[in-house]
$ cat work.cif   # mmCIF, N, CA and C atoms and all ligand atoms
data_run
#
loop_
_atom_site.label_atom_id
_atom_site.label_comp_id
_atom_site.auth_asym_id
_atom_site.auth_seq_id
_atom_site.Cartn_x
_atom_site.Cartn_y
_atom_site.Cartn_z
N MET L 1 38.17 -4.90 72.34
CA MET L 1 38.33 -6.24 71.80
C MET L 1 39.36 -6.31 70.69
N SER L 2 39.79 -5.13 70.20
CA SER L 2 40.64 -5.17 69.02
C SER L 2 42.12 -5.19 69.37
N GLY L 3 42.43 -5.06 70.65
CA GLY L 3 43.84 -4.99 71.03
C GLY L 3 44.44 -6.31 71.47
N VAL L 4 43.77 -7.40 71.15
CA VAL L 4 44.24 -8.69 71.63
C VAL L 4 45.46 -9.14 70.85
N LEU L 5 46.45 -9.62 71.60
CA LEU L 5 47.64 -10.18 70.95
C LEU L 5 47.77 -11.65 71.34
N PHE L 6 48.18 -12.45 70.38
CA PHE L 6 48.35 -13.87 70.63
C PHE L 6 49.83 -14.22 70.58
N LYS L 7 50.26 -14.94 71.57
CA LYS L 7 51.65 -15.38 71.57
C LYS L 7 51.82 -16.54 70.61
N ALA L 8 52.88 -16.47 69.84
CA ALA L 8 53.14 -17.55 68.90
C ALA L 8 54.65 -17.73 68.77
N ALA L 9 55.02 -18.88 68.26
CA ALA L 9 56.44 -19.16 68.05
C ALA L 9 56.60 -19.82 66.69
N CYS L 10 57.74 -19.54 66.09
CA CYS L 10 58.01 -20.10 64.76
C CYS L 10 58.89 -21.35 64.89
N PRO L 11 58.45 -22.48 64.33
CA PRO L 11 59.27 -23.69 64.40
C PRO L 11 60.50 -23.63 63.48
N ASP L 12 60.49 -22.74 62.54
CA ASP L 12 61.62 -22.65 61.61
C ASP L 12 62.79 -21.86 62.20
N CYS L 13 62.54 -20.64 62.61
CA CYS L 13 63.62 -19.80 63.12
C CYS L 13 63.60 -19.69 64.63
N ARG L 14 62.57 -20.29 65.24
CA ARG L 14 62.46 -20.36 66.70
C ARG L 14 62.31 -19.02 67.38
N SER L 15 61.89 -18.03 66.67
CA SER L 15 61.66 -16.75 67.34
C SER L 15 60.25 -16.75 67.93
N ARG L 16 60.10 -15.97 68.96
CA ARG L 16 58.80 -15.83 69.60
C ARG L 16 58.31 -14.41 69.41
N PHE L 17 57.01 -14.28 69.28
CA PHE L 17 56.46 -12.96 68.99
C PHE L 17 54.99 -12.95 69.35
N GLU L 18 54.40 -11.79 69.23
CA GLU L 18 52.97 -11.65 69.47
C GLU L 18 52.30 -11.16 68.20
N LEU L 19 51.18 -11.77 67.91
CA LEU L 19 50.48 -11.43 66.68
C LEU L 19 49.09 -10.88 66.99
N ALA L 20 48.69 -9.90 66.21
CA ALA L 20 47.33 -9.39 66.33
C ALA L 20 46.38 -10.37 65.65
N ALA L 21 45.11 -10.26 65.97
CA ALA L 21 44.12 -11.18 65.41
C ALA L 21 44.15 -11.20 63.89
N GLY L 22 44.40 -10.05 63.29
CA GLY L 22 44.40 -9.98 61.85
C GLY L 22 45.53 -10.72 61.17
N ALA L 23 46.55 -11.08 61.94
CA ALA L 23 47.70 -11.78 61.36
C ALA L 23 47.52 -13.29 61.41
N LEU L 24 46.47 -13.73 62.07
CA LEU L 24 46.23 -15.17 62.23
C LEU L 24 45.02 -15.60 61.43
N ARG L 25 45.05 -16.86 61.04
CA ARG L 25 43.86 -17.44 60.42
C ARG L 25 43.58 -18.79 61.04
N LEU L 26 42.33 -19.05 61.20
CA LEU L 26 41.93 -20.30 61.83
C LEU L 26 41.09 -21.11 60.85
N ALA L 27 41.44 -22.38 60.71
CA ALA L 27 40.68 -23.26 59.84
C ALA L 27 40.09 -24.38 60.68
N ILE L 28 38.78 -24.52 60.60
CA ILE L 28 38.11 -25.56 61.38
C ILE L 28 37.59 -26.62 60.44
N GLY L 29 38.18 -27.80 60.54
CA GLY L 29 37.79 -28.90 59.67
C GLY L 29 36.85 -29.84 60.37
N GLY L 30 36.61 -30.98 59.74
CA GLY L 30 35.67 -31.94 60.30
C GLY L 30 36.24 -32.71 61.47
N SER L 31 37.53 -32.72 61.61
CA SER L 31 38.15 -33.45 62.71
C SER L 31 39.24 -32.61 63.33
N ARG L 32 39.81 -33.10 64.42
CA ARG L 32 40.87 -32.35 65.08
C ARG L 32 42.10 -32.21 64.20
N ARG L 33 42.30 -33.20 63.37
CA ARG L 33 43.49 -33.15 62.52
C ARG L 33 43.40 -32.08 61.44
N THR L 34 42.22 -31.72 61.12
CA THR L 34 42.07 -30.71 60.07
C THR L 34 41.71 -29.36 60.65
N THR L 35 41.85 -29.24 61.95
CA THR L 35 41.61 -27.96 62.59
C THR L 35 42.95 -27.36 62.99
N PHE L 36 43.25 -26.22 62.42
CA PHE L 36 44.57 -25.64 62.69
C PHE L 36 44.51 -24.13 62.53
N TYR L 37 45.55 -23.48 63.01
CA TYR L 37 45.67 -22.05 62.76
C TYR L 37 46.98 -21.79 62.04
N SER L 38 47.02 -20.73 61.32
CA SER L 38 48.21 -20.45 60.54
C SER L 38 48.54 -18.97 60.58
N PHE L 39 49.81 -18.69 60.36
CA PHE L 39 50.27 -17.31 60.32
C PHE L 39 51.59 -17.28 59.57
N THR L 40 52.00 -16.09 59.21
CA THR L 40 53.29 -15.93 58.57
C THR L 40 54.27 -15.37 59.60
N CYS L 41 55.39 -16.06 59.75
CA CYS L 41 56.38 -15.63 60.74
C CYS L 41 56.92 -14.25 60.36
N PRO L 42 56.83 -13.28 61.25
CA PRO L 42 57.34 -11.93 60.96
C PRO L 42 58.86 -11.88 60.90
N ALA L 43 59.52 -12.88 61.43
CA ALA L 43 60.98 -12.87 61.45
C ALA L 43 61.58 -13.49 60.20
N CYS L 44 61.09 -14.67 59.80
CA CYS L 44 61.71 -15.35 58.66
C CYS L 44 60.74 -15.52 57.49
N ASP L 45 59.50 -15.05 57.66
CA ASP L 45 58.56 -15.01 56.55
C ASP L 45 58.06 -16.39 56.12
N SER L 46 58.23 -17.38 56.94
CA SER L 46 57.75 -18.70 56.54
C SER L 46 56.31 -18.90 57.00
N ALA L 47 55.58 -19.70 56.26
CA ALA L 47 54.19 -19.96 56.60
C ALA L 47 54.12 -21.07 57.65
N VAL L 48 53.54 -20.73 58.77
CA VAL L 48 53.49 -21.67 59.88
C VAL L 48 52.05 -22.16 60.05
N ARG L 49 51.93 -23.47 60.26
CA ARG L 49 50.62 -24.03 60.49
C ARG L 49 50.68 -24.93 61.72
N LYS L 50 49.76 -24.71 62.64
CA LYS L 50 49.79 -25.50 63.87
C LYS L 50 48.41 -26.02 64.19
N PRO L 51 48.35 -27.20 64.77
CA PRO L 51 47.05 -27.76 65.16
C PRO L 51 46.41 -26.92 66.25
N ALA L 52 45.10 -26.78 66.18
CA ALA L 52 44.38 -25.98 67.16
C ALA L 52 43.41 -26.86 67.92
N GLY L 53 43.61 -26.96 69.21
CA GLY L 53 42.67 -27.68 70.06
C GLY L 53 41.46 -26.81 70.36
N GLU L 54 40.54 -27.38 71.12
CA GLU L 54 39.30 -26.66 71.40
C GLU L 54 39.55 -25.33 72.08
N ARG L 55 40.47 -25.33 73.02
CA ARG L 55 40.76 -24.09 73.75
C ARG L 55 41.30 -23.01 72.83
N ILE L 56 42.20 -23.43 71.98
CA ILE L 56 42.80 -22.46 71.06
C ILE L 56 41.75 -21.92 70.10
N VAL L 57 40.90 -22.80 69.61
CA VAL L 57 39.84 -22.36 68.71
C VAL L 57 38.96 -21.32 69.39
N GLU L 58 38.61 -21.60 70.63
CA GLU L 58 37.76 -20.68 71.37
C GLU L 58 38.46 -19.33 71.57
N LEU L 59 39.72 -19.43 71.96
CA LEU L 59 40.51 -18.24 72.22
C LEU L 59 40.63 -17.36 70.97
N LEU L 60 40.97 -18.00 69.87
CA LEU L 60 41.17 -17.25 68.63
C LEU L 60 39.86 -16.67 68.13
N THR L 61 38.80 -17.47 68.23
CA THR L 61 37.50 -16.99 67.77
C THR L 61 37.05 -15.77 68.56
N ARG L 62 37.21 -15.85 69.86
CA ARG L 62 36.84 -14.72 70.71
C ARG L 62 37.68 -13.50 70.42
N GLY L 63 38.93 -13.74 70.05
CA GLY L 63 39.83 -12.62 69.80
C GLY L 63 39.62 -11.98 68.44
N GLY L 64 38.70 -12.54 67.66
CA GLY L 64 38.38 -11.93 66.38
C GLY L 64 39.22 -12.42 65.21
N VAL L 65 39.83 -13.59 65.36
CA VAL L 65 40.61 -14.15 64.27
C VAL L 65 39.67 -14.66 63.17
N ARG L 66 40.06 -14.42 61.96
CA ARG L 66 39.26 -14.85 60.83
C ARG L 66 39.18 -16.38 60.80
N THR L 67 37.99 -16.88 60.71
CA THR L 67 37.80 -18.33 60.78
C THR L 67 37.26 -18.88 59.48
N LEU L 68 37.85 -19.98 59.06
CA LEU L 68 37.42 -20.64 57.85
C LEU L 68 36.92 -22.03 58.20
N ARG L 69 35.71 -22.33 57.84
CA ARG L 69 35.18 -23.66 58.16
C ARG L 69 35.31 -24.58 56.95
N LEU L 70 35.97 -25.71 57.19
CA LEU L 70 36.28 -26.62 56.10
C LEU L 70 35.37 -27.84 56.11
N ALA L 71 34.46 -27.90 57.06
CA ALA L 71 33.72 -29.13 57.31
C ALA L 71 32.55 -29.35 56.36
N ALA L 72 32.69 -28.92 55.13
CA ALA L 72 31.57 -28.95 54.20
C ALA L 72 30.94 -30.33 54.04
N GLY L 73 31.72 -31.33 53.67
CA GLY L 73 31.13 -32.61 53.31
C GLY L 73 31.10 -33.65 54.43
N ALA L 74 31.65 -33.33 55.58
CA ALA L 74 31.81 -34.36 56.60
C ALA L 74 31.29 -33.91 57.96
N PRO L 75 29.99 -34.00 58.16
CA PRO L 75 29.45 -33.61 59.46
C PRO L 75 29.67 -34.67 60.53
N GLN L 76 30.66 -34.47 61.36
CA GLN L 76 30.97 -35.36 62.47
C GLN L 76 31.06 -36.82 62.07
N SER L 77 31.79 -37.06 61.05
CA SER L 77 31.96 -38.43 60.58
C SER L 77 32.78 -39.26 61.57
N GLN L 78 32.29 -40.43 61.88
CA GLN L 78 33.00 -41.28 62.83
C GLN L 78 34.03 -42.15 62.13
N THR L 79 33.84 -42.36 60.86
CA THR L 79 34.80 -43.15 60.08
C THR L 79 35.33 -42.28 58.95
N PRO L 80 36.40 -41.59 59.21
CA PRO L 80 36.94 -40.65 58.23
C PRO L 80 37.44 -41.31 56.95
N VAL L 81 37.92 -42.51 57.05
CA VAL L 81 38.42 -43.19 55.84
C VAL L 81 37.66 -44.48 55.62
N ARG L 82 37.10 -44.59 54.44
CA ARG L 82 36.38 -45.82 54.09
C ARG L 82 37.00 -46.46 52.87
N ASN L 83 37.31 -47.71 52.95
CA ASN L 83 37.88 -48.38 51.78
C ASN L 83 37.08 -49.63 51.45
ZN ZN L 101 60.35 -17.85 61.58
#
$ encode --input "work.cif" --output "structure tokens"
Amino acid sequence: MSGVLFKAACPDCRSRFELAAGALRLAIGGSRRTTFYSFTCPACDSAVRKPAGERIVELLTRGGVRTLRLAAGAPQSQTPVRN
């Protein structure tokens, strides 16, 4: 289970590469907009953040990527903004 590599691409320098689970981080928020994964581009060193859909979340979680849950105060809120 430890040899999994994830394909990723950098929007800054446009290089493509494969990352081990330890190089990725997954953040799961209360909504899809706050659910994303991030990594540091090995080519240009920029911090990349991309939205993660359900499939990606499942894939990364299974692959052993460190997961951070951000959904502390908002359990499945249907109205994210109230004014
Ligand atoms: Zn890059």
$ residues_near_ligand --input "work.cif" --ligand "ligand ZN 101 (chain L)" --cutoff "8 Å" --atoms "only C-alpha atoms and all ligand atoms" --output "VMD selection string"
chain L and resid 9 to 15 40 to 46
$ select_by_dssp --input "work.cif" --residues "chain L" --states "strand (DSSP E or B)" --output "list of chain:residue names"
L:Leu5, L:Phe6, L:Lys7, L:Ala8, L:Ala9, L:Arg16, L:Phe17, L:Glu18, L:Leu19, L:Ala20, L:Leu24, L:Arg25, L:Leu26, L:Ala27, L:Ile28, L:Phe36, L:Tyr37, L:Ser38, L:Phe39, L:Thr40, L:Ala47, L:Val48, L:Arg49, L:Lys50, L:Pro51, L:Arg66, L:Thr67, L:Leu68, L:Arg69
$ residues_around --input "work.cif" --residues "Val57 in chain L" --least-positions-apart "6" --cutoff "8 Å" --atoms "only N, CA and C atoms" --output "JSON, numbers by chain"
{"L": [26, 36, 51, 63]}
$ atom_distance --input "work.cif" --atom1 "CA of Ser31 in chain L" --atom2 "atom C of Glu18 in chain L"
27.0 Å
$ select_by_dssp --input "work.cif" --residues "chain L" --states "alpha helix (DSSP H)" --output "count of residues only"
9
$ atom_distance --input "work.cif" --atom1 "atom C of Ala8 in chain L" --atom2 "atom C of Leu70 in chain L"
25.2 Å
$ decode --input "work.cif" --residues "chain L" --atoms "C-alpha atoms" --output "PDB file, in the first residue's frame"
ATOM      1  CA  MET L   1       0.000   0.000   0.000  1.00  0.00           C
ATOM      2  CA  SER L   2       2.947   2.314   0.416  1.00  0.00           C
ATOM      3  CA  GLY L   3       4.070   2.395  -3.192  1.00  0.00           C
ATOM      4  CA  VAL L   4       1.143   4.329  -4.567  1.00  0.00           C
ATOM      5  CA  LEU L   5       1.923   7.248  -6.822  1.00  0.00           C
ATOM      6  CA  PHE L   6      -0.538   9.939  -7.800  1.00  0.00           C
ATOM      7  CA  LYS L   7      -0.342  11.755 -11.072  1.00  0.00           C
ATOM      8  CA  ALA L   8      -0.425  15.490 -10.743  1.00  0.00           C
ATOM      9  CA  ALA L   9       0.263  18.547 -12.834  1.00  0.00           C
ATOM     10  CA  CYS L  10       1.397  22.013 -11.920  1.00  0.00           C
ATOM     11  CA  PRO L  11      -0.688  24.938 -13.241  1.00  0.00           C
ATOM     12  CA  ASP L  12       2.260  27.293 -12.855  1.00  0.00           C
ATOM     13  CA  CYS L  13       5.057  25.588 -14.780  1.00  0.00           C
ATOM     14  CA  ARG L  14       2.839  22.986 -16.457  1.00  0.00           C
ATOM     15  CA  SER L  15       5.084  20.094 -15.651  1.00  0.00           C
ATOM     16  CA  ARG L  16       3.611  16.708 -14.954  1.00  0.00           C
ATOM     17  CA  PHE L  17       4.886  14.338 -12.339  1.00  0.00           C
ATOM     18  CA  GLU L  18       3.976  11.613  -9.914  1.00  0.00           C
ATOM     19  CA  LEU L  19       3.786  12.155  -6.214  1.00  0.00           C
ATOM     20  CA  ALA L  20       3.910   9.714  -3.343  1.00  0.00           C
ATOM     21  CA  ALA L  21       1.141   9.836  -0.760  1.00  0.00           C
ATOM     22  CA  GLY L  22       3.409  11.638   1.663  1.00  0.00           C
ATOM     23  CA  ALA L  23       3.825  14.570  -0.712  1.00  0.00           C
ATOM     24  CA  LEU L  24       0.107  15.264  -0.867  1.00  0.00           C
ATOM     25  CA  ARG L  25      -2.320  16.655   1.627  1.00  0.00           C
ATOM     26  CA  LEU L  26      -6.048  16.466   1.537  1.00  0.00           C
ATOM     27  CA  ALA L  27      -8.385  18.908   3.220  1.00  0.00           C
ATOM     28  CA  ILE L  28     -12.028  18.002   3.603  1.00  0.00           C
ATOM     29  CA  GLY L  29     -14.283  20.923   4.358  1.00  0.00           C
ATOM     30  CA  GLY L  30     -17.993  21.264   4.892  1.00  0.00           C
ATOM     31  CA  SER L  31     -18.708  21.708   1.213  1.00  0.00           C
ATOM     32  CA  ARG L  32     -17.213  20.790  -2.127  1.00  0.00           C
ATOM     33  CA  ARG L  33     -15.668  24.195  -2.428  1.00  0.00           C
ATOM     34  CA  THR L  34     -13.657  23.737   0.690  1.00  0.00           C
ATOM     35  CA  THR L  35     -12.535  20.244  -0.164  1.00  0.00           C
ATOM     36  CA  PHE L  36      -9.215  20.242  -1.923  1.00  0.00           C
ATOM     37  CA  TYR L  37      -5.821  18.631  -2.095  1.00  0.00           C
ATOM     38  CA  SER L  38      -2.516  20.379  -2.126  1.00  0.00           C
ATOM     39  CA  PHE L  39       1.102  19.682  -2.871  1.00  0.00           C
ATOM     40  CA  THR L  40       4.319  21.469  -3.608  1.00  0.00           C
ATOM     41  CA  CYS L  41       5.428  21.321  -7.213  1.00  0.00           C
ATOM     42  CA  PRO L  42       8.781  19.486  -7.366  1.00  0.00           C
ATOM     43  CA  ALA L  43       9.742  21.431 -10.484  1.00  0.00           C
ATOM     44  CA  CYS L  44       9.061  25.065  -9.581  1.00  0.00           C
ATOM     45  CA  ASP L  45       8.409  24.772  -5.851  1.00  0.00           C
ATOM     46  CA  SER L  46       5.073  26.536  -5.940  1.00  0.00           C
ATOM     47  CA  ALA L  47       2.220  25.543  -3.664  1.00  0.00           C
ATOM     48  CA  VAL L  48      -0.567  24.020  -5.688  1.00  0.00           C
ATOM     49  CA  ARG L  49      -4.116  23.629  -4.481  1.00  0.00           C
ATOM     50  CA  LYS L  50      -6.808  21.843  -6.430  1.00  0.00           C
ATOM     51  CA  PRO L  51     -10.426  21.001  -5.760  1.00  0.00           C
ATOM     52  CA  ALA L  52     -11.042  17.384  -4.862  1.00  0.00           C
ATOM     53  CA  GLY L  53     -14.219  15.629  -5.905  1.00  0.00           C
ATOM     54  CA  GLU L  54     -15.574  12.558  -4.198  1.00  0.00           C
ATOM     55  CA  ARG L  55     -13.553  10.199  -6.355  1.00  0.00           C
ATOM     56  CA  ILE L  56     -10.332  12.003  -5.702  1.00  0.00           C
ATOM     57  CA  VAL L  57     -11.007  12.106  -1.987  1.00  0.00           C
ATOM     58  CA  GLU L  58     -11.606   8.383  -1.967  1.00  0.00           C
ATOM     59  CA  LEU L  59      -8.540   7.705  -4.059  1.00  0.00           C
ATOM     60  CA  LEU L  60      -6.242   9.824  -1.937  1.00  0.00           C
ATOM     61  CA  THR L  61      -7.634   8.513   1.320  1.00  0.00           C
ATOM     62  CA  ARG L  62      -7.134   4.931   0.231  1.00  0.00           C
ATOM     63  CA  GLY L  63      -3.638   5.733  -0.912  1.00  0.00           C
ATOM     64  CA  GLY L  64      -2.712   6.917   2.562  1.00  0.00           C
ATOM     65  CA  VAL L  65      -2.641  10.660   1.972  1.00  0.00           C
ATOM     66  CA  ARG L  66      -2.767  12.702   5.125  1.00  0.00           C
ATOM     67  CA  THR L  67      -6.253  14.061   5.558  1.00  0.00           C
ATOM     68  CA  LEU L  68      -7.325  17.170   7.381  1.00  0.00           C
ATOM     69  CA  ARG L  69     -10.967  17.653   8.214  1.00  0.00           C
ATOM     70  CA  LEU L  70     -12.084  21.254   8.270  1.00  0.00           C
ATOM     71  CA  ALA L  71     -15.780  20.699   8.819  1.00  0.00           C
ATOM     72  CA  ALA L  72     -15.720  21.636  12.486  1.00  0.00           C
ATOM     73  CA  GLY L  73     -18.567  24.136  12.720  1.00  0.00           C
ATOM     74  CA  ALA L  74     -20.684  23.294   9.699  1.00  0.00           C
ATOM     75  CA  PRO L  75     -22.231  19.838   9.603  1.00  0.00           C
ATOM     76  CA  GLN L  76     -23.825  19.576   6.160  1.00  0.00           C
ATOM     77  CA  SER L  77     -25.137  23.083   6.159  1.00  0.00           C
ATOM     78  CA  GLN L  78     -27.599  23.736   3.370  1.00  0.00           C
ATOM     79  CA  THR L  79     -27.258  27.496   3.588  1.00  0.00           C
ATOM     80  CA  PRO L  80     -23.572  28.281   3.764  1.00  0.00           C
ATOM     81  CA  VAL L  81     -24.046  32.038   3.842  1.00  0.00           C
ATOM     82  CA  ARG L  82     -26.613  33.759   5.990  1.00  0.00           C
ATOM     83  CA  ASN L  83     -27.115  37.485   5.999  1.00  0.00           C
TER      84      ASN L  83
END
